[in-house]
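See below for the structure under consideration.
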Amino acid sequence: MSDYKTFTNNNGVKYKILRKKPHYSYNADGLCDPPDYKSPKIHVSPDLTPKREMAVMLEEIFHAFFWDISEKEVRRFCGTVTNILHKDGWRQTVTTEPSSKWSGHIKEK
């Protein structure tokens, strides 16, 4: 994962995702800044297993979109999604070529 990924939530707030462990005082693998911060960021620890990284990434992005939902509910939802996707074979891959799965859907330059 690169340190330049950005997205915009439902309220037009732009977030930047950083592969950086949150401050030790949080004792967390990931952290989402509140949407009212000037330049909100999501921190995801770089030393996670791929499955844990998927779960943390989902949790923190979920927080960015739905800030007022409790941590317990976010974890339950994102843990369920992570387990379903992981059992279905979803994995992080690094490639320079598009997958053949997407042939016909990617416009050639």
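As shown in the structure tokens, the chain order sets the letters A, B, ...; within each chain, residues go from 1, and ligands are also counted from 1 in the order they appear.
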
* Give the alpha helix (DSSP H) residues of chain A, as DSSP finds them on the backbone, and put them as an MDAnalysis selection string. => chainID A and resid 50:65 71:87

For the residues selected in the previous step, produce a file with C-alpha atoms as a tab-separated table (two decimals), in the first residue's frame.
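Generated output (result_2.tsv):
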```tsv
chain	number	residue	atom	x	y	z
A	50	PRO	CA	-2.38	-9.26	5.22
A	51	LYS	CA	-5.69	-10.39	6.75
A	52	ARG	CA	-5.31	-8.04	9.73
A	53	GLU	CA	-4.34	-5.20	7.39
A	54	MET	CA	-7.55	-5.78	5.42
A	55	ALA	CA	-9.61	-5.68	8.62
A	56	VAL	CA	-7.92	-2.53	9.93
A	57	MET	CA	-8.19	-0.77	6.57
A	58	LEU	CA	-11.91	-1.57	6.38
A	59	GLU	CA	-12.47	-0.43	9.98
A	60	GLU	CA	-10.75	2.90	9.53
A	61	ILE	CA	-12.37	3.69	6.18
A	62	PHE	CA	-15.73	2.73	7.71
A	63	HIS	CA	-15.07	5.23	10.53
A	64	ALA	CA	-14.35	7.94	7.95
A	65	PHE	CA	-17.74	7.40	6.34
A	71	GLU	CA	-16.22	0.92	17.72
A	72	LYS	CA	-17.92	-2.34	18.72
A	73	GLU	CA	-20.34	-2.17	15.79
A	74	VAL	CA	-17.61	-1.15	13.34
A	75	ARG	CA	-15.37	-4.03	14.44
A	76	ARG	CA	-18.16	-6.56	14.21
A	77	PHE	CA	-19.19	-5.45	10.71
A	78	CYS	CA	-15.64	-5.14	9.36
A	79	GLY	CA	-14.54	-8.42	10.96
A	80	THR	CA	-17.44	-10.17	9.26
A	81	VAL	CA	-16.64	-8.58	5.88
A	82	THR	CA	-12.94	-9.43	6.25
A	83	ASN	CA	-13.70	-13.08	7.06
A	84	ILE	CA	-16.12	-13.42	4.14
A	85	LEU	CA	-13.69	-11.83	1.67
A	86	HIS	CA	-10.73	-13.79	3.01
A	87	LYS	CA	-12.62	-17.11	2.78
```

* Asked: Per DSSP on the backbone, what are the strand (DSSP E) residues of chain A, as an NGL selection string?
  -> :A and (5-8 or 14-18 or 30-32 or 41-44)

Those same residues, written as a CSV table (one decimal), in the first residue's frame with C-alpha atoms?
```csv
chain,number,residue,atom,x,y,z
A,5,LYS,CA,-4.0,6.9,-1.3
A,6,THR,CA,-6.9,9.3,-0.8
A,7,PHE,CA,-10.6,9.2,-0.9
A,8,THR,CA,-13.6,11.4,-0.1
A,14,LYS,CA,-11.0,14.1,1.8
A,15,TYR,CA,-8.9,11.6,3.7
A,16,LYS,CA,-5.3,10.5,3.2
A,17,ILE,CA,-4.3,7.0,4.1
A,18,LEU,CA,-0.8,6.6,5.6
A,30,GLY,CA,-5.1,1.7,12.9
A,31,LEU,CA,-6.6,5.2,13.6
A,32,CYS,CA,-9.0,7.4,11.7
A,41,LYS,CA,-5.7,11.0,7.9
A,42,ILE,CA,-6.0,7.3,8.4
A,43,HIS,CA,-3.0,5.6,9.9
A,44,VAL,CA,-2.5,1.8,9.3
```

* Asked: What is the CA of Pro46 in chain A-CA of Lys20 in chain A distance in Å, reported with one decimal?
  -> 5.9 Å
